[in-house]
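Since the structure comes first, as structure tokens, the remarks are kept for the end.
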Protein chains: 2
Amino acid sequence: MHAKLPHPFDEATRITAGDSSWQGHTSDDYWAFVGPFGGATAATILRALIDHPERAGDPLAVTVNYCAPIAKGPFDLDVRLVKANRSSQHWSVELSQGGGEVATLATAVFAERRQSWSHEVARRPDAKSFEETLPFPKIAASWANQYEFRFVEGEMRIGPPQTELASTYSKVWISDRTPRKLDMLSLMSMSDAFFGRIFHARRELVPFGTVSLTTYFHTDAESLAAEDITRVLATADAKIFHRSYGDQNGELWSPSGRLLATTTQIAYFKA
Amino acid sequence: MHAKLPHPFDEATRITAGDSSWQGHTSDDYWAFVGPFGGATAATILRALIDHPERAGDPLAVTVNYCAPIAKGPFDLDVRLVKANRSSQHWSVELSQGGGEVATLATAVFAERRQSWSHEVARRPDAKSFEETLPFPKIAASWANQYEFRFVEGEMRIGPPQTELASTYSKVWISDRTPRKLDMLSLMSMSDAFFGRIFHARRELVPFGTVSLTTYFHTDAESLAAEDITRVLATADAKIFHRSYGDQNGELWSPSGRLLATTTQIAYFKA
């Protein structure tokens, strides 16, 4: 009998247990031209927190500031519980390599989520089913090929210069290419798995990098596990590109219509 | 001749210069029932960064995690430049009182914003002018009375229980009650100056507190100064209230139609 191989995502976001300091390693499978895919880095940081012996509750809010490129190889995570309350925790994580300067700075809020009044203001956008939607072809970035993207609307089309700008809005099914049951880690990663909105608008690839990413979780680990899903229906849009920076906001929905996470980011571009 | 008194907002967000540690003081003028108005705290933190001798560039992204209540009185700001690049800086700030635990944990990205391709995807919502819109009456929270709110749409109406939930969307002119030329500090503060979306939906006040706030600036200090304005047209909405936490997202527009900032937050509620 063969032991089951770990999923590439679990391999990519693996960490070595420590106390205040944890170790991780960049993954060639989730590489994004000049550095690791930011979603994988965010998920690795989140894994260190979820696996931490002092952790209580579920991720509620995670902000990741990408300060400097991460080189291929090992990295250290300096994990600190900044403040613990009765039902919430505030964490800070600094990622560095070889004792050098901080490359990634993250904060996270964990919370024990109690039953409460519930009100879903936003509704899952209409969409053709995953099965009825065509897969997006594989592209050069390795990280993107770890996912299967099926664009319901706003597919990225790189091509000759256009006189009119294209829409920045996308509606897309996102799944791990090797299906993997969705958990808080893959939800974190998928919240950064949109293509740069500027690529959509200009129909060309330009130098681009996420500077700061914030994701809110609107589900807890147990409820998410109960959904038992391997994909999300996600939407993303931008509001502005100005003086070398542009924003993005997105929603990640379960197929059954639950809003699992909302996300926003600001990214550098050269154009 | 009398010296001009400082504006209440400048008084509330005053800091005493330090090197890595700065001092501030809570303001009774910007008090919010059980602690200082989060917008004032965020602006005080931002002031310490803007005034810091090592600061370069303008605020791009600020995340503030409200970890614990701040008591009336003085507080310390532990300010740290985590990483500086050629054209951006990553900062971390911890607010504490009397040598105690961290009450507020913030990160900020500053950037020198270069000319670039520009594309305004979002458009300023239509609205009656400030002058044509009725001021919202003064309410019990002192911080709210430092602002003048003129609701174009989605005014908060507290009243008897309703069978139908009200809209969570608001479109509102926000101005300092004593007019003050808008700068990055007041923009930061105003990005937290919406009433809790849950108050709008339920038409009642319930225990509520922002847990994490993220604001992106889409203008730089010089361009904002050139606008020479004292108010913004702001919109806010929520997507979900679930298991004791709800989100909010907002936009802050100049009267002339420039998107100055976008903001999102996740807040605790008891209902």
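By convention here, the chains of the structure tokens are called A, B, ... in the order presented, each chain's residues are numbered starting at 1, and ligands are numbered starting at 1 in the order presented.
Using only C-alpha atoms, the protein and nucleic acid residues lying no more than 12 Å from A:Lys138, apart from those fewer than 2 places from it along its own chain, are Pro135, Phe136, Ala140, Ala141, Ser142, Trp143, Ala144, Asn145, Gln146, Tyr147, Glu148, Phe149, Arg150 and Arg177 of chain A.
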Find the nearest atom pair between each residue of chain B and chain A for residues within 7 Å, count only C-alpha atoms, give distances in Å to one decimal, sort rows by chain and ascending number, and present the table as a Markdown table.
```
| residue | atom | partner | partner_atom | distance |
| --- | --- | --- | --- | --- |
| B:Cys67 | CA | A:His90 | CA | 6.4 |
| B:Val82 | CA | A:Val102 | CA | 6.6 |
| B:Lys83 | CA | A:Val102 | CA | 6.3 |
| B:His90 | CA | A:Cys67 | CA | 6.4 |
| B:Glu101 | CA | A:Lys83 | CA | 6.9 |
| B:Val102 | CA | A:Lys83 | CA | 6.3 |
| B:Arg113 | CA | A:Arg243 | CA | 5.4 |
| B:Arg114 | CA | A:Arg243 | CA | 5.2 |
| B:Gln115 | CA | A:Arg243 | CA | 4.8 |
| B:Ser116 | CA | A:Arg243 | CA | 4.9 |
| B:Trp117 | CA | A:Ala271 | CA | 5.5 |
| B:Ser118 | CA | A:His242 | CA | 4.7 |
| B:His119 | CA | A:Phe241 | CA | 5.0 |
| B:Glu120 | CA | A:Ile240 | CA | 4.6 |
| B:Val121 | CA | A:Lys239 | CA | 4.8 |
| B:Ala122 | CA | A:Lys239 | CA | 4.7 |
| B:His218 | CA | A:His242 | CA | 6.8 |
| B:Ala238 | CA | A:Val121 | CA | 6.7 |
| B:Lys239 | CA | A:Ala122 | CA | 4.7 |
| B:Ile240 | CA | A:Glu120 | CA | 4.6 |
| B:Phe241 | CA | A:His119 | CA | 5.0 |
| B:His242 | CA | A:Ser118 | CA | 4.7 |
| B:Arg243 | CA | A:Gln115 | CA | 4.8 |
| B:Ser244 | CA | A:Ser116 | CA | 5.4 |
| B:Ala271 | CA | A:Trp117 | CA | 5.5 |
```
Worksheet entry | Neighbour list for A:Thr41 as a ChimeraX atom specification, cut-off 10 Å, only C-alpha atoms, skip fewer than 3 positions in-chain | /A:12-13,24-27,30,35-38,44-47,64,66,70,95,104,188-189
Kindly save the residues from that selection, with N, CA, C and O atoms included, as a PDB file, in the first residue's frame.
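Dumped everything to selection.pdb:
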```pdb
ATOM      1  N   ALA A  12       2.772  22.997  -0.394  1.00  0.00           N
ATOM      2  CA  ALA A  12       3.280  24.365  -0.598  1.00  0.00           C
ATOM      3  C   ALA A  12       3.175  25.210   0.661  1.00  0.00           C
ATOM      4  O   ALA A  12       3.986  26.100   0.876  1.00  0.00           O
ATOM      5  N   THR A  13       2.176  24.920   1.494  1.00  0.00           N
ATOM      6  CA  THR A  13       1.943  25.763   2.674  1.00  0.00           C
ATOM      7  C   THR A  13       2.364  25.046   3.960  1.00  0.00           C
ATOM      8  O   THR A  13       1.943  25.409   5.056  1.00  0.00           O
ATOM      9  N   GLY A  24       8.907  27.828   7.057  1.00  0.00           N
ATOM     10  CA  GLY A  24       8.212  27.400   5.849  1.00  0.00           C
ATOM     11  C   GLY A  24       9.198  27.399   4.697  1.00  0.00           C
ATOM     12  O   GLY A  24      10.392  27.680   4.877  1.00  0.00           O
ATOM     13  N   HIS A  25       8.704  27.089   3.510  1.00  0.00           N
ATOM     14  CA  HIS A  25       9.578  26.994   2.332  1.00  0.00           C
ATOM     15  C   HIS A  25       8.757  27.386   1.113  1.00  0.00           C
ATOM     16  O   HIS A  25       7.619  26.943   0.975  1.00  0.00           O
ATOM     17  N   THR A  26       9.333  28.204   0.254  1.00  0.00           N
ATOM     18  CA  THR A  26       8.597  28.578  -0.954  1.00  0.00           C
ATOM     19  C   THR A  26       8.358  27.338  -1.818  1.00  0.00           C
ATOM     20  O   THR A  26       9.096  26.356  -1.732  1.00  0.00           O
ATOM     21  N   SER A  27       7.336  27.426  -2.645  1.00  0.00           N
ATOM     22  CA  SER A  27       6.945  26.291  -3.474  1.00  0.00           C
ATOM     23  C   SER A  27       7.070  26.648  -4.955  1.00  0.00           C
ATOM     24  O   SER A  27       6.530  27.672  -5.392  1.00  0.00           O
ATOM     25  N   TYR A  30       3.686  26.962  -6.701  1.00  0.00           N
ATOM     26  CA  TYR A  30       2.879  28.181  -6.527  1.00  0.00           C
ATOM     27  C   TYR A  30       3.767  29.412  -6.708  1.00  0.00           C
ATOM     28  O   TYR A  30       3.804  30.303  -5.878  1.00  0.00           O
ATOM     29  N   GLY A  35       8.263  35.901  -7.397  1.00  0.00           N
ATOM     30  CA  GLY A  35       8.154  35.520  -5.991  1.00  0.00           C
ATOM     31  C   GLY A  35       7.036  34.519  -5.837  1.00  0.00           C
ATOM     32  O   GLY A  35       6.334  34.206  -6.796  1.00  0.00           O
ATOM     33  N   PRO A  36       6.858  34.029  -4.621  1.00  0.00           N
ATOM     34  CA  PRO A  36       5.763  33.080  -4.413  1.00  0.00           C
ATOM     35  C   PRO A  36       4.413  33.770  -4.609  1.00  0.00           C
ATOM     36  O   PRO A  36       4.291  34.971  -4.359  1.00  0.00           O
ATOM     37  N   PHE A  37       3.428  33.029  -5.054  1.00  0.00           N
ATOM     38  CA  PHE A  37       2.046  33.503  -5.138  1.00  0.00           C
ATOM     39  C   PHE A  37       1.628  34.013  -3.749  1.00  0.00           C
ATOM     40  O   PHE A  37       1.737  33.295  -2.753  1.00  0.00           O
ATOM     41  N   GLY A  38       1.155  35.264  -3.702  1.00  0.00           N
ATOM     42  CA  GLY A  38       0.807  35.877  -2.422  1.00  0.00           C
ATOM     43  C   GLY A  38      -0.239  35.105  -1.639  1.00  0.00           C
ATOM     44  O   GLY A  38      -0.223  35.092  -0.405  1.00  0.00           O
ATOM     45  N   THR A  44       0.126  30.109   4.172  1.00  0.00           N
ATOM     46  CA  THR A  44       1.178  29.536   5.023  1.00  0.00           C
ATOM     47  C   THR A  44       1.193  30.244   6.378  1.00  0.00           C
ATOM     48  O   THR A  44       1.297  29.606   7.433  1.00  0.00           O
ATOM     49  N   ILE A  45       1.085  31.556   6.343  1.00  0.00           N
ATOM     50  CA  ILE A  45       1.023  32.343   7.584  1.00  0.00           C
ATOM     51  C   ILE A  45      -0.202  31.930   8.395  1.00  0.00           C
ATOM     52  O   ILE A  45      -0.125  31.713   9.609  1.00  0.00           O
ATOM     53  N   LEU A  46      -1.328  31.783   7.708  1.00  0.00           N
ATOM     54  CA  LEU A  46      -2.561  31.401   8.409  1.00  0.00           C
ATOM     55  C   LEU A  46      -2.434  30.000   9.007  1.00  0.00           C
ATOM     56  O   LEU A  46      -2.924  29.738  10.108  1.00  0.00           O
ATOM     57  N   ARG A  47      -1.743  29.100   8.289  1.00  0.00           N
ATOM     58  CA  ARG A  47      -1.557  27.748   8.828  1.00  0.00           C
ATOM     59  C   ARG A  47      -0.762  27.792  10.135  1.00  0.00           C
ATOM     60  O   ARG A  47      -1.083  27.072  11.086  1.00  0.00           O
ATOM     61  N   VAL A  64      -2.402  40.999   5.051  1.00  0.00           N
ATOM     62  CA  VAL A  64      -1.026  40.629   4.713  1.00  0.00           C
ATOM     63  C   VAL A  64      -0.402  41.773   3.920  1.00  0.00           C
ATOM     64  O   VAL A  64      -0.927  42.165   2.867  1.00  0.00           O
ATOM     65  N   TYR A  66       2.766  42.800   1.804  1.00  0.00           N
ATOM     66  CA  TYR A  66       3.902  42.218   1.089  1.00  0.00           C
ATOM     67  C   TYR A  66       4.967  43.303   0.972  1.00  0.00           C
ATOM     68  O   TYR A  66       4.873  44.203   0.148  1.00  0.00           O
ATOM     69  N   ILE A  70      10.140  37.600  -1.742  1.00  0.00           N
ATOM     70  CA  ILE A  70      10.634  36.424  -1.014  1.00  0.00           C
ATOM     71  C   ILE A  70      11.423  35.588  -2.015  1.00  0.00           C
ATOM     72  O   ILE A  70      10.922  35.284  -3.100  1.00  0.00           O
ATOM     73  N   LEU A  95       7.416  37.552   8.404  1.00  0.00           N
ATOM     74  CA  LEU A  95       8.133  36.555   7.610  1.00  0.00           C
ATOM     75  C   LEU A  95       9.474  37.148   7.188  1.00  0.00           C
ATOM     76  O   LEU A  95       9.526  38.264   6.672  1.00  0.00           O
ATOM     77  N   THR A 104       7.389  39.970   4.736  1.00  0.00           N
ATOM     78  CA  THR A 104       5.924  39.974   4.792  1.00  0.00           C
ATOM     79  C   THR A 104       5.499  40.251   6.229  1.00  0.00           C
ATOM     80  O   THR A 104       6.043  39.649   7.158  1.00  0.00           O
ATOM     81  N   MET A 188      -8.398  31.386   2.120  1.00  0.00           N
ATOM     82  CA  MET A 188      -7.433  32.499   2.217  1.00  0.00           C
ATOM     83  C   MET A 188      -6.676  32.657   0.899  1.00  0.00           C
ATOM     84  O   MET A 188      -6.565  33.756   0.360  1.00  0.00           O
ATOM     85  N   SER A 189      -6.168  31.543   0.413  1.00  0.00           N
ATOM     86  CA  SER A 189      -5.361  31.584  -0.801  1.00  0.00           C
ATOM     87  C   SER A 189      -6.187  32.013  -2.011  1.00  0.00           C
ATOM     88  O   SER A 189      -5.758  32.836  -2.819  1.00  0.00           O
TER      89      SER A 189
END
```
Practice prompt. Would you mind writing down, as a VMD selection string, each residue of stretch 4-204 of chain B that DSSP on the backbone assigns to alpha helix (DSSP H)?
Written response: chain B and resid 8 to 12 38 to 50 184 to 190 197 to 202
Worksheet entry | Residues near B:Leu205, cut-off 9 Å, only C-alpha atoms, skip fewer than 5 positions along chain, as a list in words | Ile158, Gly196, Ile198, Phe199 and His200 of chain B
